[in-house]
>>> print(open('final.txt').read())   # compact mmCIF, N, CA and C atoms and all ligand atoms
# COMPACT_ATOMS: atom_id res chain seq x y z
N MET A 159 75.90 16.93 -12.92
CA MET A 159 76.13 15.50 -12.62
C MET A 159 75.12 14.97 -11.62
N LYS A 160 74.63 13.80 -11.91
CA LYS A 160 73.57 13.21 -11.10
C LYS A 160 74.01 12.93 -9.65
N LYS A 161 75.21 12.35 -9.51
CA LYS A 161 75.73 12.02 -8.18
C LYS A 161 75.81 13.25 -7.28
N MET A 162 76.30 14.33 -7.86
CA MET A 162 76.44 15.56 -7.08
C MET A 162 75.08 16.13 -6.68
N GLU A 163 74.16 16.03 -7.61
CA GLU A 163 72.79 16.48 -7.34
C GLU A 163 72.20 15.69 -6.17
N GLN A 164 72.41 14.39 -6.21
CA GLN A 164 71.88 13.53 -5.14
C GLN A 164 72.52 13.86 -3.81
N ALA A 165 73.83 14.08 -3.83
CA ALA A 165 74.55 14.39 -2.59
C ALA A 165 74.06 15.71 -2.01
N ARG A 166 73.84 16.66 -2.90
CA ARG A 166 73.34 17.97 -2.47
C ARG A 166 71.95 17.84 -1.85
N ARG A 167 71.13 17.04 -2.50
CA ARG A 167 69.77 16.85 -1.99
C ARG A 167 69.81 16.15 -0.63
N GLU A 168 70.66 15.14 -0.51
CA GLU A 168 70.75 14.44 0.77
C GLU A 168 71.20 15.38 1.89
N SER A 169 72.17 16.24 1.58
CA SER A 169 72.65 17.13 2.65
C SER A 169 71.59 18.18 2.99
N LEU A 170 70.86 18.62 1.97
CA LEU A 170 69.75 19.55 2.25
C LEU A 170 68.69 18.88 3.12
N LEU A 171 68.35 17.65 2.78
CA LEU A 171 67.34 16.94 3.55
C LEU A 171 67.79 16.74 5.00
N ALA A 172 69.10 16.51 5.17
CA ALA A 172 69.62 16.35 6.53
C ALA A 172 69.48 17.65 7.31
N VAL A 173 69.77 18.78 6.64
CA VAL A 173 69.63 20.09 7.29
C VAL A 173 68.16 20.36 7.64
N TYR A 174 67.27 20.07 6.70
CA TYR A 174 65.84 20.27 6.97
C TYR A 174 65.39 19.45 8.16
N ALA A 175 65.82 18.20 8.20
CA ALA A 175 65.41 17.31 9.29
C ALA A 175 65.88 17.86 10.64
N GLN A 176 67.10 18.36 10.63
CA GLN A 176 67.67 18.93 11.86
C GLN A 176 66.88 20.17 12.30
N GLN A 177 66.60 21.04 11.33
CA GLN A 177 65.86 22.26 11.65
C GLN A 177 64.44 21.94 12.11
N PHE A 178 63.85 20.96 11.48
CA PHE A 178 62.48 20.57 11.85
C PHE A 178 62.45 20.03 13.28
N ALA A 179 63.46 19.23 13.60
CA ALA A 179 63.55 18.69 14.96
C ALA A 179 63.69 19.82 15.98
N GLY A 180 64.46 20.85 15.61
CA GLY A 180 64.63 22.01 16.48
C GLY A 180 63.31 22.73 16.71
N LEU A 181 62.53 22.88 15.65
CA LEU A 181 61.23 23.56 15.77
C LEU A 181 60.27 22.73 16.61
N LYS A 182 60.35 21.41 16.48
CA LYS A 182 59.49 20.56 17.30
C LYS A 182 59.85 20.69 18.78
N ARG A 183 61.13 20.85 19.05
CA ARG A 183 61.52 21.07 20.45
C ARG A 183 60.94 22.39 20.96
N GLU A 184 60.96 23.42 20.10
CA GLU A 184 60.36 24.71 20.50
C GLU A 184 58.85 24.55 20.72
N LEU A 185 58.24 23.74 19.87
CA LEU A 185 56.80 23.50 19.98
C LEU A 185 56.47 22.87 21.33
N GLU A 186 57.37 22.00 21.76
CA GLU A 186 57.15 21.34 23.04
C GLU A 186 57.18 22.32 24.21
N GLN A 187 57.84 23.45 24.01
CA GLN A 187 57.94 24.46 25.07
C GLN A 187 56.69 25.34 25.18
N VAL A 188 55.82 25.25 24.18
CA VAL A 188 54.66 26.13 24.17
C VAL A 188 53.77 25.84 25.38
N ARG A 189 53.37 26.90 26.03
CA ARG A 189 52.48 26.76 27.20
C ARG A 189 51.05 27.13 26.78
N TYR A 190 50.12 27.11 27.73
CA TYR A 190 48.73 27.41 27.41
C TYR A 190 48.63 28.67 26.58
N PHE A 191 47.75 28.64 25.60
CA PHE A 191 47.65 29.80 24.71
C PHE A 191 46.21 30.20 24.46
N CYS A 192 46.03 31.48 24.19
CA CYS A 192 44.71 32.05 23.86
C CYS A 192 44.87 32.93 22.64
N LYS A 193 43.84 32.92 21.81
CA LYS A 193 43.78 33.87 20.70
C LYS A 193 43.60 35.27 21.28
N GLY A 194 43.82 36.26 20.42
CA GLY A 194 43.48 37.62 20.80
C GLY A 194 44.61 38.38 21.46
N SER A 195 44.26 39.49 22.08
CA SER A 195 45.28 40.29 22.74
C SER A 195 44.72 40.95 24.00
N VAL A 196 45.64 41.37 24.83
CA VAL A 196 45.26 42.04 26.07
C VAL A 196 45.53 43.54 25.91
N LEU A 197 44.51 44.33 26.14
CA LEU A 197 44.64 45.78 26.02
C LEU A 197 44.62 46.42 27.39
N LYS A 198 45.43 47.45 27.49
CA LYS A 198 45.48 48.22 28.73
C LYS A 198 44.92 49.59 28.41
N ARG A 199 43.89 49.99 29.14
CA ARG A 199 43.22 51.25 28.83
C ARG A 199 43.15 52.16 30.03
N MET A 200 43.26 53.45 29.75
CA MET A 200 43.01 54.48 30.75
C MET A 200 41.71 55.14 30.33
N MET A 201 40.79 55.32 31.27
CA MET A 201 39.45 55.78 30.89
C MET A 201 39.02 57.06 31.60
N LYS A 202 38.11 57.75 30.90
CA LYS A 202 37.43 58.90 31.52
C LYS A 202 36.21 58.36 32.27
N CYS A 203 35.88 59.02 33.35
CA CYS A 203 34.72 58.56 34.11
C CYS A 203 33.47 59.37 33.72
N GLY A 204 32.38 59.13 34.40
CA GLY A 204 31.13 59.80 34.07
C GLY A 204 30.99 61.19 34.68
N GLN A 205 31.90 61.56 35.55
CA GLN A 205 31.83 62.85 36.24
C GLN A 205 32.42 63.95 35.35
N ARG A 206 31.58 64.80 34.84
CA ARG A 206 32.02 65.85 33.92
C ARG A 206 33.14 66.72 34.50
N ARG A 207 33.07 66.95 35.81
CA ARG A 207 34.02 67.89 36.41
C ARG A 207 35.30 67.22 36.91
N CYS A 208 35.39 65.93 36.72
CA CYS A 208 36.59 65.20 37.17
C CYS A 208 37.79 65.60 36.30
N ALA A 209 38.96 65.63 36.89
CA ALA A 209 40.19 66.02 36.19
C ALA A 209 40.48 65.15 34.96
N CYS A 210 39.96 63.93 34.98
CA CYS A 210 40.23 63.01 33.87
C CYS A 210 39.73 63.55 32.53
N HIS A 211 38.75 64.43 32.58
CA HIS A 211 38.21 64.97 31.33
C HIS A 211 39.11 66.05 30.72
N GLN A 212 39.94 66.66 31.53
CA GLN A 212 40.84 67.70 31.04
C GLN A 212 42.23 67.14 30.68
N ASP A 213 42.70 66.27 31.55
CA ASP A 213 44.10 65.84 31.46
C ASP A 213 44.18 64.33 31.22
N PRO A 214 44.68 63.95 30.05
CA PRO A 214 44.78 62.50 29.75
C PRO A 214 45.62 61.75 30.79
N ALA A 215 46.56 62.45 31.41
CA ALA A 215 47.41 61.80 32.42
C ALA A 215 46.62 61.49 33.69
N LYS A 216 45.45 62.12 33.82
CA LYS A 216 44.65 61.89 35.03
C LYS A 216 43.46 60.95 34.80
N ARG A 217 43.50 60.30 33.67
CA ARG A 217 42.44 59.31 33.43
C ARG A 217 42.56 58.15 34.42
N HIS A 218 41.46 57.42 34.56
CA HIS A 218 41.42 56.33 35.54
C HIS A 218 41.90 55.03 34.94
N GLY A 219 42.43 54.23 35.80
CA GLY A 219 42.88 52.92 35.33
C GLY A 219 44.25 52.58 35.88
N PRO A 220 44.94 51.69 35.28
CA PRO A 220 44.58 51.04 34.02
C PRO A 220 43.48 49.99 34.16
N TYR A 221 42.70 49.87 33.08
CA TYR A 221 41.74 48.78 32.95
C TYR A 221 42.25 47.83 31.89
N PHE A 222 42.05 46.57 32.14
CA PHE A 222 42.55 45.57 31.20
C PHE A 222 41.39 44.83 30.54
N GLU A 223 41.62 44.55 29.27
CA GLU A 223 40.62 43.82 28.50
C GLU A 223 41.30 42.78 27.64
N TRP A 224 40.69 41.63 27.60
CA TRP A 224 41.15 40.61 26.67
C TRP A 224 40.18 40.64 25.51
N THR A 225 40.69 40.85 24.31
CA THR A 225 39.80 40.88 23.14
C THR A 225 40.23 39.80 22.14
N TYR A 226 39.23 39.15 21.60
CA TYR A 226 39.51 38.14 20.58
C TYR A 226 38.30 38.06 19.66
N LYS A 227 38.50 37.37 18.54
CA LYS A 227 37.42 37.30 17.56
C LYS A 227 36.83 35.91 17.48
N VAL A 228 35.50 35.87 17.41
CA VAL A 228 34.79 34.63 17.15
C VAL A 228 33.93 34.85 15.92
N LYS A 229 34.20 34.09 14.88
CA LYS A 229 33.48 34.22 13.62
C LYS A 229 33.37 35.68 13.17
N GLY A 230 34.49 36.38 13.24
CA GLY A 230 34.53 37.75 12.76
C GLY A 230 34.04 38.80 13.75
N LYS A 231 33.46 38.33 14.86
CA LYS A 231 32.98 39.29 15.86
C LYS A 231 33.97 39.41 17.00
N THR A 232 34.21 40.65 17.41
CA THR A 232 35.15 40.88 18.51
C THR A 232 34.45 40.70 19.85
N VAL A 233 35.11 39.93 20.70
CA VAL A 233 34.61 39.73 22.06
C VAL A 233 35.58 40.43 23.01
N ASN A 234 35.03 41.23 23.91
CA ASN A 234 35.86 41.91 24.91
C ASN A 234 35.56 41.35 26.28
N VAL A 235 36.58 40.98 26.99
CA VAL A 235 36.40 40.48 28.34
C VAL A 235 37.19 41.36 29.30
N ARG A 236 36.49 41.99 30.21
CA ARG A 236 37.15 42.83 31.20
C ARG A 236 37.95 41.95 32.16
N LEU A 237 39.19 42.35 32.42
CA LEU A 237 40.04 41.56 33.32
C LEU A 237 40.40 42.37 34.55
N ARG A 238 40.54 41.70 35.65
CA ARG A 238 41.10 42.37 36.82
C ARG A 238 42.59 42.55 36.61
N PRO A 239 43.18 43.63 37.17
CA PRO A 239 44.60 43.87 36.95
C PRO A 239 45.48 42.67 37.29
N ASP A 240 45.10 41.93 38.33
CA ASP A 240 45.94 40.79 38.71
C ASP A 240 45.74 39.57 37.79
N GLU A 241 44.67 39.60 36.98
CA GLU A 241 44.47 38.51 36.02
C GLU A 241 45.17 38.79 34.70
N ALA A 242 45.41 40.06 34.44
CA ALA A 242 45.91 40.46 33.12
C ALA A 242 47.19 39.73 32.69
N PRO A 243 48.18 39.58 33.59
CA PRO A 243 49.44 38.95 33.14
C PRO A 243 49.27 37.54 32.60
N VAL A 244 48.37 36.77 33.18
CA VAL A 244 48.22 35.40 32.73
C VAL A 244 47.59 35.36 31.33
N TYR A 245 46.68 36.28 31.06
CA TYR A 245 46.10 36.38 29.71
C TYR A 245 47.11 36.92 28.71
N LYS A 246 47.88 37.89 29.17
CA LYS A 246 48.92 38.45 28.31
C LYS A 246 49.90 37.36 27.90
N ALA A 247 50.33 36.56 28.87
CA ALA A 247 51.27 35.48 28.58
C ALA A 247 50.66 34.48 27.60
N ALA A 248 49.37 34.18 27.80
CA ALA A 248 48.70 33.19 26.94
C ALA A 248 48.55 33.72 25.50
N THR A 249 48.27 35.00 25.36
CA THR A 249 48.14 35.55 24.00
C THR A 249 49.52 35.64 23.33
N ASP A 250 50.56 35.89 24.12
CA ASP A 250 51.92 35.85 23.58
C ASP A 250 52.27 34.44 23.09
N GLN A 251 51.85 33.45 23.87
CA GLN A 251 52.11 32.06 23.49
C GLN A 251 51.41 31.72 22.18
N TYR A 252 50.20 32.24 22.02
CA TYR A 252 49.46 31.97 20.79
C TYR A 252 50.20 32.53 19.58
N ARG A 253 50.72 33.76 19.72
CA ARG A 253 51.50 34.36 18.63
C ARG A 253 52.76 33.54 18.34
N LYS A 254 53.39 33.08 19.40
CA LYS A 254 54.58 32.27 19.24
C LYS A 254 54.25 30.98 18.49
N LEU A 255 53.15 30.35 18.88
CA LEU A 255 52.71 29.13 18.24
C LEU A 255 52.44 29.35 16.75
N ARG A 256 51.75 30.44 16.44
CA ARG A 256 51.45 30.75 15.04
C ARG A 256 52.73 30.91 14.23
N SER A 257 53.70 31.62 14.78
CA SER A 257 54.92 31.86 14.02
C SER A 257 55.73 30.57 13.88
N LEU A 258 55.68 29.76 14.92
CA LEU A 258 56.34 28.46 14.88
C LEU A 258 55.73 27.56 13.80
N LEU A 259 54.42 27.53 13.76
CA LEU A 259 53.73 26.71 12.75
C LEU A 259 54.04 27.22 11.34
N ALA A 260 54.10 28.54 11.19
CA ALA A 260 54.41 29.10 9.87
C ALA A 260 55.82 28.67 9.45
N ARG A 261 56.75 28.70 10.40
CA ARG A 261 58.12 28.28 10.07
C ARG A 261 58.18 26.79 9.74
N MET A 262 57.44 25.98 10.50
CA MET A 262 57.42 24.54 10.24
C MET A 262 56.80 24.24 8.88
N GLU A 263 55.78 25.01 8.55
CA GLU A 263 55.10 24.81 7.27
C GLU A 263 56.03 25.14 6.11
N ARG A 264 56.74 26.27 6.25
CA ARG A 264 57.66 26.69 5.19
C ARG A 264 58.77 25.64 5.00
N LEU A 265 59.33 25.22 6.11
CA LEU A 265 60.40 24.22 6.08
C LEU A 265 59.90 22.90 5.48
N SER A 266 58.71 22.48 5.89
CA SER A 266 58.13 21.23 5.38
C SER A 266 57.93 21.31 3.87
N ARG A 267 57.48 22.48 3.42
CA ARG A 267 57.24 22.64 1.99
C ARG A 267 58.54 22.40 1.21
N HIS A 268 59.65 23.00 1.69
CA HIS A 268 60.94 22.78 1.02
C HIS A 268 61.36 21.32 1.08
N ALA A 269 61.17 20.71 2.24
CA ALA A 269 61.57 19.32 2.42
C ALA A 269 60.75 18.39 1.52
N VAL A 270 59.45 18.66 1.43
CA VAL A 270 58.58 17.81 0.63
C VAL A 270 58.95 17.88 -0.85
N VAL A 271 59.32 19.09 -1.31
CA VAL A 271 59.78 19.23 -2.70
C VAL A 271 60.98 18.33 -2.95
N ARG A 272 61.94 18.35 -2.02
CA ARG A 272 63.15 17.52 -2.17
C ARG A 272 62.83 16.04 -2.09
N LEU A 273 61.95 15.68 -1.18
CA LEU A 273 61.58 14.27 -1.05
C LEU A 273 60.90 13.77 -2.32
N ALA A 274 60.05 14.62 -2.88
CA ALA A 274 59.36 14.24 -4.12
C ALA A 274 60.37 14.08 -5.26
N GLU A 275 61.34 15.01 -5.32
CA GLU A 275 62.40 14.91 -6.34
C GLU A 275 63.17 13.60 -6.21
N LYS A 276 63.45 13.28 -4.96
CA LYS A 276 64.22 12.08 -4.67
C LYS A 276 63.48 10.84 -5.17
N LEU A 277 62.20 10.76 -4.88
CA LEU A 277 61.39 9.63 -5.34
C LEU A 277 61.38 9.55 -6.86
N ARG A 278 61.20 10.73 -7.46
CA ARG A 278 61.15 10.79 -8.91
C ARG A 278 62.45 10.26 -9.50
N SER A 279 63.58 10.70 -8.96
CA SER A 279 64.86 10.30 -9.55
C SER A 279 65.18 8.85 -9.21
N ASP A 280 64.71 8.37 -8.05
CA ASP A 280 64.90 6.94 -7.72
C ASP A 280 64.16 6.07 -8.73
N ASN A 281 62.95 6.53 -9.08
CA ASN A 281 62.12 5.74 -9.97
C ASN A 281 62.57 5.79 -11.42
N SER A 282 63.33 6.85 -11.77
CA SER A 282 63.80 6.92 -13.14
C SER A 282 65.27 6.54 -13.24
N GLY A 283 65.77 5.99 -12.12
CA GLY A 283 67.19 5.61 -12.06
C GLY A 283 67.49 4.35 -12.85
N PRO A 284 68.75 3.88 -12.79
CA PRO A 284 69.22 2.75 -13.59
C PRO A 284 68.44 1.47 -13.32
N SER A 285 67.94 1.33 -12.07
CA SER A 285 67.24 0.10 -11.73
C SER A 285 65.97 -0.10 -12.56
N ARG A 286 65.44 1.01 -13.03
CA ARG A 286 64.17 0.93 -13.73
C ARG A 286 64.34 0.87 -15.25
N THR A 287 65.44 1.47 -15.73
CA THR A 287 65.67 1.46 -17.19
C THR A 287 66.15 0.09 -17.60
N ARG A 288 65.70 -0.35 -18.76
CA ARG A 288 66.15 -1.66 -19.18
C ARG A 288 67.15 -1.56 -20.29
ZN ZN B 1 37.29 60.88 36.31
>>> encode(input="final.txt", output="structure tokens")
Amino acid sequence: MKKMEQARRESLLAVYAQQFAGLKRELEQVRYFCKGSVLKRMMKCGQRRCACHQDPAKRHGPYFEWTYKVKGKTVNVRLRPDEAPVYKAATDQYRKLRSLLARMERLSRHAVVRLAEKLRSDNSGPSRTR
């Protein structure tokens, strides 16, 4: 039945609109973001006789690096330990933003299909038939 179909579509569109508004609110919470990731490394030094060469637990560090890609090339930036958290937070934000955008895109795709259906059925409705 056409009426039921329309009612179902309207309620779906209302749900989509609500969910989309929720995602936009999450988007508003996004803080500064950076691509890439922050790595924490323990390293061996140049001294052959240092304990770090025998025992992985005695390696030096931690050393932090922010790595990201530019045009397919990886860029590594050495970070001071006290700088690392702010980069870590920013790269986490970037991941959050990406997943948020993916969810918004998926939701929009469903909504657009319904909106297009609605237009189609409005245009082929009784008002247009003679
Ligand atoms: Zn060493």
>>> residues_near_ligand(input="final.txt", ligand="ligand ZN 1 (chain B)", cutoff="8 Å", atoms="all atoms listed in the file", output="list in words")
Met201, Lys202, Cys203, Gly204, Gln205, Arg206, Arg207, Cys208, Ala209, Cys210, His211, Gln212, Lys216, Arg217 and His218 of chain A
>>> select_by_dssp(input="final.txt", residues="chain A", states="strand (DSSP E)", output="NGL selection string")
:A and (195-201 or 218-228 or 231-237)
>>> residues_around(input="final.txt", residues="A:Glu241", least_positions_apart="3", cutoff="12 Å", atoms="only C-alpha atoms", output="list in words")
Val196, Tyr221, Phe222, Glu223, Trp224, Val235, Arg236, Leu237, Arg238, Val244, Tyr245, Lys246, Ala247 and Ala248 of chain A
>>> write_last_selection(input="final.txt", atoms="N, CA and C atoms", output="PDB file, in the coordinates of the input")
ATOM      1  N   VAL A 196      45.640  41.370  24.830  1.00  0.00           N
ATOM      2  CA  VAL A 196      45.260  42.040  26.070  1.00  0.00           C
ATOM      3  C   VAL A 196      45.530  43.540  25.910  1.00  0.00           C
ATOM      4  N   TYR A 221      42.700  49.870  33.080  1.00  0.00           N
ATOM      5  CA  TYR A 221      41.740  48.780  32.950  1.00  0.00           C
ATOM      6  C   TYR A 221      42.250  47.830  31.890  1.00  0.00           C
ATOM      7  N   PHE A 222      42.050  46.570  32.140  1.00  0.00           N
ATOM      8  CA  PHE A 222      42.550  45.570  31.200  1.00  0.00           C
ATOM      9  C   PHE A 222      41.390  44.830  30.540  1.00  0.00           C
ATOM     10  N   GLU A 223      41.620  44.550  29.270  1.00  0.00           N
ATOM     11  CA  GLU A 223      40.620  43.820  28.500  1.00  0.00           C
ATOM     12  C   GLU A 223      41.300  42.780  27.640  1.00  0.00           C
ATOM     13  N   TRP A 224      40.690  41.630  27.600  1.00  0.00           N
ATOM     14  CA  TRP A 224      41.150  40.610  26.670  1.00  0.00           C
ATOM     15  C   TRP A 224      40.180  40.640  25.510  1.00  0.00           C
ATOM     16  N   VAL A 235      36.580  40.980  26.990  1.00  0.00           N
ATOM     17  CA  VAL A 235      36.400  40.480  28.340  1.00  0.00           C
ATOM     18  C   VAL A 235      37.190  41.360  29.300  1.00  0.00           C
ATOM     19  N   ARG A 236      36.490  41.990  30.210  1.00  0.00           N
ATOM     20  CA  ARG A 236      37.150  42.830  31.200  1.00  0.00           C
ATOM     21  C   ARG A 236      37.950  41.950  32.160  1.00  0.00           C
ATOM     22  N   LEU A 237      39.190  42.350  32.420  1.00  0.00           N
ATOM     23  CA  LEU A 237      40.040  41.560  33.320  1.00  0.00           C
ATOM     24  C   LEU A 237      40.400  42.370  34.550  1.00  0.00           C
ATOM     25  N   ARG A 238      40.540  41.700  35.650  1.00  0.00           N
ATOM     26  CA  ARG A 238      41.100  42.370  36.820  1.00  0.00           C
ATOM     27  C   ARG A 238      42.590  42.550  36.610  1.00  0.00           C
ATOM     28  N   VAL A 244      48.370  36.770  33.180  1.00  0.00           N
ATOM     29  CA  VAL A 244      48.220  35.400  32.730  1.00  0.00           C
ATOM     30  C   VAL A 244      47.590  35.360  31.330  1.00  0.00           C
ATOM     31  N   TYR A 245      46.680  36.280  31.060  1.00  0.00           N
ATOM     32  CA  TYR A 245      46.100  36.380  29.710  1.00  0.00           C
ATOM     33  C   TYR A 245      47.110  36.920  28.710  1.00  0.00           C
ATOM     34  N   LYS A 246      47.880  37.890  29.170  1.00  0.00           N
ATOM     35  CA  LYS A 246      48.920  38.450  28.310  1.00  0.00           C
ATOM     36  C   LYS A 246      49.900  37.360  27.900  1.00  0.00           C
ATOM     37  N   ALA A 247      50.330  36.560  28.870  1.00  0.00           N
ATOM     38  CA  ALA A 247      51.270  35.480  28.580  1.00  0.00           C
ATOM     39  C   ALA A 247      50.660  34.480  27.600  1.00  0.00           C
ATOM     40  N   ALA A 248      49.370  34.180  27.800  1.00  0.00           N
ATOM     41  CA  ALA A 248      48.700  33.190  26.940  1.00  0.00           C
ATOM     42  C   ALA A 248      48.550  33.720  25.500  1.00  0.00           C
TER      43      ALA A 248
END
>>> closest_residue(input="final.txt", among="A:Ala165, A:Val228, A:Leu197, A:Ala175", to="A:Val270", atoms="only C-alpha atoms")
A:Ala175
>>> closest_residue(input="final.txt", among="A:Ala242, A:Met162, A:Leu171, A:Leu185", to="A:Arg267", atoms="only C-alpha atoms")
A:Leu171
>>> closest_residue(input="final.txt", among="A:Gly194, A:Pro220, A:Gly180, A:Pro214", to="A:Pro239", atoms="only C-alpha atoms")
A:Pro220
>>> closest_residue(input="final.txt", among="A:Asp240, A:Asp250, A:Met262, A:Arg278", to="A:Ser195", atoms="only N, CA and C atoms")
A:Asp250
>>> select_by_dssp(input="final.txt", residues="stretch 163-275 of chain A", states="helix (DSSP H, G or I)", output="number ranges by chain")
A: 163-186, 209-211, 214-216, 242-275
>>> closest_residue(input="final.txt", among="A:Glu163, A:Leu170, A:Lys193, A:Ser279", to="A:Lys227", atoms="all atoms listed in the file")
A:Lys193
>>> residues_around(input="final.txt", residues="A:Gln251", least_positions_apart="3", cutoff="6 Å", atoms="all atoms listed in the file", output="list in words")
Arg189, Tyr190, Phe191, Cys192, Lys246, Ala247, Ala248, Lys254, Leu255 and Arg256 of chain A
>>> atom_distance(input="final.txt", atom1="atom CA of A:Leu181", atom2="atom CA of A:Lys229")
29.8 Å
>>> atom_distance(input="final.txt", atom1="atom CA of A:Arg261", atom2="atom CA of A:Leu273")
18.2 Å
